[in-house]
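Q: Sharing my_file-v2.txt, compact mmCIF, N, CA and C atoms:
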```
# COMPACT_ATOMS: atom_id res chain seq x y z
N MET A 1 297.67 -197.05 -43.41
CA MET A 1 296.59 -196.66 -42.52
C MET A 1 297.13 -196.58 -41.09
N MET A 2 296.74 -195.52 -40.35
CA MET A 2 297.26 -195.34 -39.00
C MET A 2 296.59 -196.29 -38.01
N ASP A 3 297.31 -196.59 -36.94
CA ASP A 3 296.80 -197.48 -35.91
C ASP A 3 295.90 -196.68 -34.97
N ILE A 4 294.62 -196.77 -35.18
CA ILE A 4 293.66 -195.99 -34.41
C ILE A 4 293.66 -196.38 -32.94
N SER A 5 294.08 -197.60 -32.62
CA SER A 5 294.09 -198.02 -31.21
C SER A 5 295.14 -197.28 -30.40
N ALA A 6 296.08 -196.61 -31.06
CA ALA A 6 297.05 -195.80 -30.34
C ALA A 6 296.46 -194.44 -29.96
N ILE A 7 295.32 -194.10 -30.54
CA ILE A 7 294.70 -192.79 -30.33
C ILE A 7 293.45 -192.89 -29.46
N ILE A 8 292.63 -193.90 -29.73
CA ILE A 8 291.38 -194.03 -29.00
C ILE A 8 291.28 -195.40 -28.34
N ASP A 9 290.36 -195.49 -27.39
CA ASP A 9 290.18 -196.73 -26.64
C ASP A 9 288.71 -196.90 -26.34
N SER A 10 288.28 -198.12 -26.20
CA SER A 10 286.92 -198.42 -25.82
C SER A 10 286.94 -199.68 -24.97
N SER A 11 286.62 -199.50 -23.69
CA SER A 11 286.56 -200.67 -22.81
C SER A 11 285.38 -200.50 -21.86
N SER A 12 284.81 -201.61 -21.47
CA SER A 12 283.62 -201.56 -20.63
C SER A 12 283.88 -200.89 -19.28
N GLY A 13 285.14 -200.82 -18.87
CA GLY A 13 285.48 -200.21 -17.59
C GLY A 13 285.58 -198.69 -17.63
N VAL A 14 285.51 -198.10 -18.82
CA VAL A 14 285.61 -196.64 -18.94
C VAL A 14 284.35 -196.13 -19.64
N LEU A 15 283.55 -195.42 -18.90
CA LEU A 15 282.31 -194.82 -19.43
C LEU A 15 281.45 -195.83 -20.17
N GLY A 16 281.40 -197.03 -19.65
CA GLY A 16 280.52 -198.06 -20.21
C GLY A 16 280.84 -198.48 -21.63
N GLY A 17 282.10 -198.32 -22.03
CA GLY A 17 282.51 -198.75 -23.37
C GLY A 17 282.49 -197.64 -24.41
N THR A 18 282.19 -196.42 -23.98
CA THR A 18 282.21 -195.28 -24.90
C THR A 18 283.62 -195.12 -25.48
N THR A 19 283.72 -194.78 -26.74
CA THR A 19 285.02 -194.56 -27.37
C THR A 19 285.60 -193.25 -26.84
N VAL A 20 286.78 -193.35 -26.22
CA VAL A 20 287.43 -192.20 -25.61
C VAL A 20 288.84 -192.03 -26.17
N PHE A 21 289.40 -190.85 -25.96
CA PHE A 21 290.80 -190.65 -26.30
C PHE A 21 291.63 -191.48 -25.32
N ARG A 22 292.55 -192.26 -25.84
CA ARG A 22 293.37 -193.16 -25.01
C ARG A 22 294.02 -192.39 -23.87
N GLY A 23 293.93 -192.95 -22.67
CA GLY A 23 294.53 -192.35 -21.49
C GLY A 23 293.69 -191.26 -20.84
N THR A 24 292.46 -191.07 -21.36
CA THR A 24 291.57 -190.06 -20.80
C THR A 24 290.19 -190.68 -20.60
N ARG A 25 289.29 -189.88 -20.08
CA ARG A 25 287.88 -190.26 -19.99
C ARG A 25 287.05 -189.33 -20.88
N VAL A 26 287.68 -188.78 -21.90
CA VAL A 26 287.02 -187.83 -22.80
C VAL A 26 286.53 -188.57 -24.05
N PRO A 27 285.21 -188.61 -24.23
CA PRO A 27 284.69 -189.27 -25.43
C PRO A 27 285.12 -188.55 -26.71
N VAL A 28 285.46 -189.33 -27.73
CA VAL A 28 285.82 -188.77 -29.03
C VAL A 28 284.63 -187.97 -29.58
N LYS A 29 283.43 -188.40 -29.27
CA LYS A 29 282.23 -187.71 -29.71
C LYS A 29 282.23 -186.24 -29.27
N ASN A 30 282.86 -185.95 -28.13
CA ASN A 30 282.91 -184.56 -27.67
C ASN A 30 283.65 -183.67 -28.67
N LEU A 31 284.70 -184.19 -29.28
CA LEU A 31 285.43 -183.42 -30.30
C LEU A 31 284.52 -183.14 -31.49
N ILE A 32 283.84 -184.15 -31.96
CA ILE A 32 282.93 -183.98 -33.10
C ILE A 32 281.82 -182.99 -32.75
N ASP A 33 281.26 -183.12 -31.57
CA ASP A 33 280.19 -182.21 -31.14
C ASP A 33 280.68 -180.76 -31.08
N CYS A 34 281.88 -180.55 -30.56
CA CYS A 34 282.44 -179.20 -30.48
C CYS A 34 282.63 -178.60 -31.87
N LEU A 35 283.21 -179.38 -32.77
CA LEU A 35 283.43 -178.89 -34.13
C LEU A 35 282.10 -178.62 -34.83
N GLU A 36 281.14 -179.50 -34.62
CA GLU A 36 279.82 -179.33 -35.22
C GLU A 36 279.14 -178.05 -34.73
N ALA A 37 279.42 -177.69 -33.47
CA ALA A 37 278.83 -176.48 -32.88
C ALA A 37 279.57 -175.21 -33.30
N GLY A 38 280.63 -175.37 -34.10
CA GLY A 38 281.36 -174.21 -34.60
C GLY A 38 282.57 -173.83 -33.76
N GLU A 39 282.89 -174.64 -32.77
CA GLU A 39 284.07 -174.38 -31.96
C GLU A 39 285.33 -174.82 -32.71
N THR A 40 286.45 -174.31 -32.29
CA THR A 40 287.73 -174.68 -32.88
C THR A 40 288.37 -175.82 -32.08
N ILE A 41 289.39 -176.41 -32.65
CA ILE A 41 290.14 -177.43 -31.91
C ILE A 41 290.74 -176.81 -30.65
N ASP A 42 291.21 -175.58 -30.74
CA ASP A 42 291.77 -174.92 -29.55
C ASP A 42 290.73 -174.79 -28.44
N GLN A 43 289.51 -174.47 -28.79
CA GLN A 43 288.45 -174.38 -27.78
C GLN A 43 288.19 -175.75 -27.17
N PHE A 44 288.17 -176.78 -28.00
CA PHE A 44 287.99 -178.14 -27.48
C PHE A 44 289.11 -178.48 -26.51
N LEU A 45 290.34 -178.19 -26.89
CA LEU A 45 291.49 -178.52 -26.05
C LEU A 45 291.47 -177.74 -24.74
N ASP A 46 290.97 -176.52 -24.77
CA ASP A 46 290.83 -175.74 -23.54
C ASP A 46 289.80 -176.38 -22.61
N GLU A 47 288.73 -176.91 -23.18
CA GLU A 47 287.68 -177.56 -22.39
C GLU A 47 288.11 -178.93 -21.87
N PHE A 48 288.98 -179.61 -22.63
CA PHE A 48 289.41 -180.96 -22.28
C PHE A 48 290.93 -181.05 -22.32
N PRO A 49 291.60 -180.48 -21.32
CA PRO A 49 293.06 -180.41 -21.34
C PRO A 49 293.78 -181.76 -21.24
N SER A 50 293.06 -182.82 -20.90
CA SER A 50 293.71 -184.13 -20.85
C SER A 50 293.91 -184.72 -22.24
N VAL A 51 293.29 -184.12 -23.25
CA VAL A 51 293.48 -184.55 -24.64
C VAL A 51 294.56 -183.68 -25.27
N SER A 52 295.52 -184.30 -25.90
CA SER A 52 296.58 -183.53 -26.56
C SER A 52 296.13 -183.12 -27.96
N ARG A 53 296.76 -182.08 -28.46
CA ARG A 53 296.48 -181.64 -29.83
C ARG A 53 296.77 -182.79 -30.80
N ALA A 54 297.86 -183.50 -30.57
CA ALA A 54 298.23 -184.61 -31.45
C ALA A 54 297.13 -185.67 -31.48
N GLN A 55 296.53 -185.96 -30.33
CA GLN A 55 295.44 -186.94 -30.29
C GLN A 55 294.24 -186.45 -31.08
N ALA A 56 293.86 -185.20 -30.88
CA ALA A 56 292.69 -184.64 -31.56
C ALA A 56 292.90 -184.65 -33.07
N VAL A 57 294.04 -184.18 -33.51
CA VAL A 57 294.33 -184.14 -34.94
C VAL A 57 294.39 -185.55 -35.52
N ALA A 58 295.03 -186.47 -34.81
CA ALA A 58 295.15 -187.84 -35.29
C ALA A 58 293.77 -188.50 -35.40
N ALA A 59 292.88 -188.23 -34.47
CA ALA A 59 291.53 -188.80 -34.53
C ALA A 59 290.79 -188.27 -35.76
N LEU A 60 290.93 -186.98 -36.03
CA LEU A 60 290.28 -186.40 -37.20
C LEU A 60 290.89 -186.95 -38.49
N GLU A 61 292.20 -187.10 -38.51
CA GLU A 61 292.86 -187.66 -39.69
C GLU A 61 292.43 -189.10 -39.92
N ALA A 62 292.29 -189.87 -38.84
CA ALA A 62 291.86 -191.26 -38.96
C ALA A 62 290.44 -191.32 -39.49
N ALA A 63 289.57 -190.42 -39.02
CA ALA A 63 288.20 -190.38 -39.51
C ALA A 63 288.17 -190.02 -41.00
N ARG A 64 288.97 -189.03 -41.37
CA ARG A 64 289.03 -188.63 -42.79
C ARG A 64 289.53 -189.79 -43.64
N GLU A 65 290.57 -190.45 -43.17
CA GLU A 65 291.14 -191.58 -43.91
C GLU A 65 290.10 -192.69 -44.09
N ARG A 66 289.40 -192.98 -43.02
CA ARG A 66 288.38 -194.04 -43.06
C ARG A 66 287.27 -193.67 -44.04
N LEU A 67 286.81 -192.44 -43.99
CA LEU A 67 285.75 -192.00 -44.89
C LEU A 67 286.21 -191.99 -46.33
N THR A 68 287.44 -191.60 -46.56
CA THR A 68 287.99 -191.56 -47.91
C THR A 68 288.12 -192.97 -48.49
N VAL A 69 288.62 -193.89 -47.69
CA VAL A 69 288.76 -195.27 -48.14
C VAL A 69 287.40 -195.85 -48.45
N ASP A 70 286.42 -195.65 -47.59
CA ASP A 70 285.07 -196.17 -47.83
C ASP A 70 284.47 -195.55 -49.09
N ALA A 71 284.71 -194.27 -49.31
CA ALA A 71 284.14 -193.61 -50.48
C ALA A 71 284.75 -194.17 -51.77
N ARG A 72 286.03 -194.45 -51.75
CA ARG A 72 286.70 -194.98 -52.96
C ARG A 72 286.27 -196.40 -53.26
N THR A 73 286.02 -197.21 -52.23
CA THR A 73 285.68 -198.60 -52.48
C THR A 73 284.21 -198.80 -52.83
N SER A 74 283.38 -197.78 -52.60
CA SER A 74 281.96 -197.96 -52.89
C SER A 74 281.60 -197.58 -54.32
N ARG A 75 282.55 -197.14 -55.09
CA ARG A 75 282.26 -196.77 -56.49
C ARG A 75 282.33 -197.94 -57.40
```
Could I get this file's structure written as structure tokens?
A:
Amino acid sequence: MMDISAIIDSSSGVLGGTTVFRGTRVPVKNLIDCLEAGETIDQFLDEFPSVSRAQAVAALEAARERLTVDARTSR
């Protein structure tokens, strides 16, 4: 399992504890919202250039991994 703390951060000093991409003030929720609205990762990265492609992809992979693990253990 990947170390999610290397990708995202949540501290009370940054946006009131909102989960953000590490080293930025960009909430991870913004990536999910963009994808949900039909935008591509490239469009998200254009809107939020402080987030790297590697960070965005790693966050999505971590979410997939987490959902997959939870799905397997609930059977």
Q: Work out how far apart atom CA of A:Thr40 and atom C of A:Val69 are and give it in Å to one decimal.
A: 26.3 Å
Q: Which distance in Å separates atom CA of A:Ala6 and atom CA of A:Gly38, to one decimal?
A: 27.0 Å
Q: Go through stretch 14-57 of chain A and collect every residue that DSSP, computed from the backbone, puts in helix (DSSP H, G or I); the answer should be as a PyMOL selection string.
A: chain A and resi 15-17+28-36+41-47+53-57
Q: Please compute the atom N of A:Ala58-atom C of A:Ile7 distance, one decimal, in Å.
A: 8.5 Å
Q: Which one is closest to A:Arg22: A:Ala37, A:Leu60, A:Pro49, A:Ser5? Count all atoms listed in the file.
A: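 Of all the options, A:Ser5 lies closest to A:Arg22.
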Q: Using only C-alpha atoms, which of A:Thr24, A:Ala63, A:Leu35, A:Asn30 sits nearest A:Val51?
A: A:Thr24
Q: Step by step: start from the point (288.8, -179.0, -36.1) in the file's coordinates, keep every protein, DNA or RNA residue that has an atom no farther than 8 Å from it, count all atoms listed in the file, and write the set as a short mmCIF file (atom, residue, chain, number, x, y, z; two decimals) with N, CA and C atoms, in the coordinates of the input.
A:
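Heads up, here's the output in result08.cif:
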```cif
data_model
loop_
_atom_site.label_atom_id
_atom_site.label_comp_id
_atom_site.auth_asym_id
_atom_site.auth_seq_id
_atom_site.Cartn_x
_atom_site.Cartn_y
_atom_site.Cartn_z
N LEU A 31 284.70 -184.19 -29.28
CA LEU A 31 285.43 -183.42 -30.30
C LEU A 31 284.52 -183.14 -31.49
N CYS A 34 281.88 -180.55 -30.56
CA CYS A 34 282.44 -179.20 -30.48
C CYS A 34 282.63 -178.60 -31.87
N LEU A 35 283.21 -179.38 -32.77
CA LEU A 35 283.43 -178.89 -34.13
C LEU A 35 282.10 -178.62 -34.83
N GLU A 36 281.14 -179.50 -34.62
CA GLU A 36 279.82 -179.33 -35.22
C GLU A 36 279.14 -178.05 -34.73
N GLU A 39 282.89 -174.64 -32.77
CA GLU A 39 284.07 -174.38 -31.96
C GLU A 39 285.33 -174.82 -32.71
N THR A 40 286.45 -174.31 -32.29
CA THR A 40 287.73 -174.68 -32.88
C THR A 40 288.37 -175.82 -32.08
N ILE A 41 289.39 -176.41 -32.65
CA ILE A 41 290.14 -177.43 -31.91
C ILE A 41 290.74 -176.81 -30.65
N ASP A 42 291.21 -175.58 -30.74
CA ASP A 42 291.77 -174.92 -29.55
C ASP A 42 290.73 -174.79 -28.44
N ALA A 56 293.86 -185.20 -30.88
CA ALA A 56 292.69 -184.64 -31.56
C ALA A 56 292.90 -184.65 -33.07
N VAL A 57 294.04 -184.18 -33.51
CA VAL A 57 294.33 -184.14 -34.94
C VAL A 57 294.39 -185.55 -35.52
N LEU A 60 290.93 -186.98 -36.03
CA LEU A 60 290.28 -186.40 -37.20
C LEU A 60 290.89 -186.95 -38.49
#
```
Q: Counting all atoms listed in the file, which residue out of A:Asp33, A:Gln43, A:Ser10, A:Val28 sits closest to A:Ala59?
A: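 That would be A:Val28, the residue with the smallest distance to A:Ala59.
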Q: Please enclose the listed atoms of stretch 28-31 of chain A in an axis-aligned box, pad each side by 4 Å, and write out the centre and the three edge lengths in Å, rounded to one decimal, as AutoDock Vina command-line options.
A:
```
--center_x 284.0 --center_y -186.2 --center_z -29.6 --size_x 11.6 --size_y 14.2 --size_z 11.8
```
Q: Taking the backbone alone, and naming residues the way the document does, which bits of chain A are strand (DSSP E or B) by DSSP, as a PyMOL selection string?
A: chain A and resi 8-9+20-21+27
Q: I'd like to know which of A:Ser11, A:Gly17, A:Val26, A:Ile4 is closest to A:Phe48, using only N, CA and C atoms.
A: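 Among the listed residues, A:Val26 lies closest to A:Phe48.
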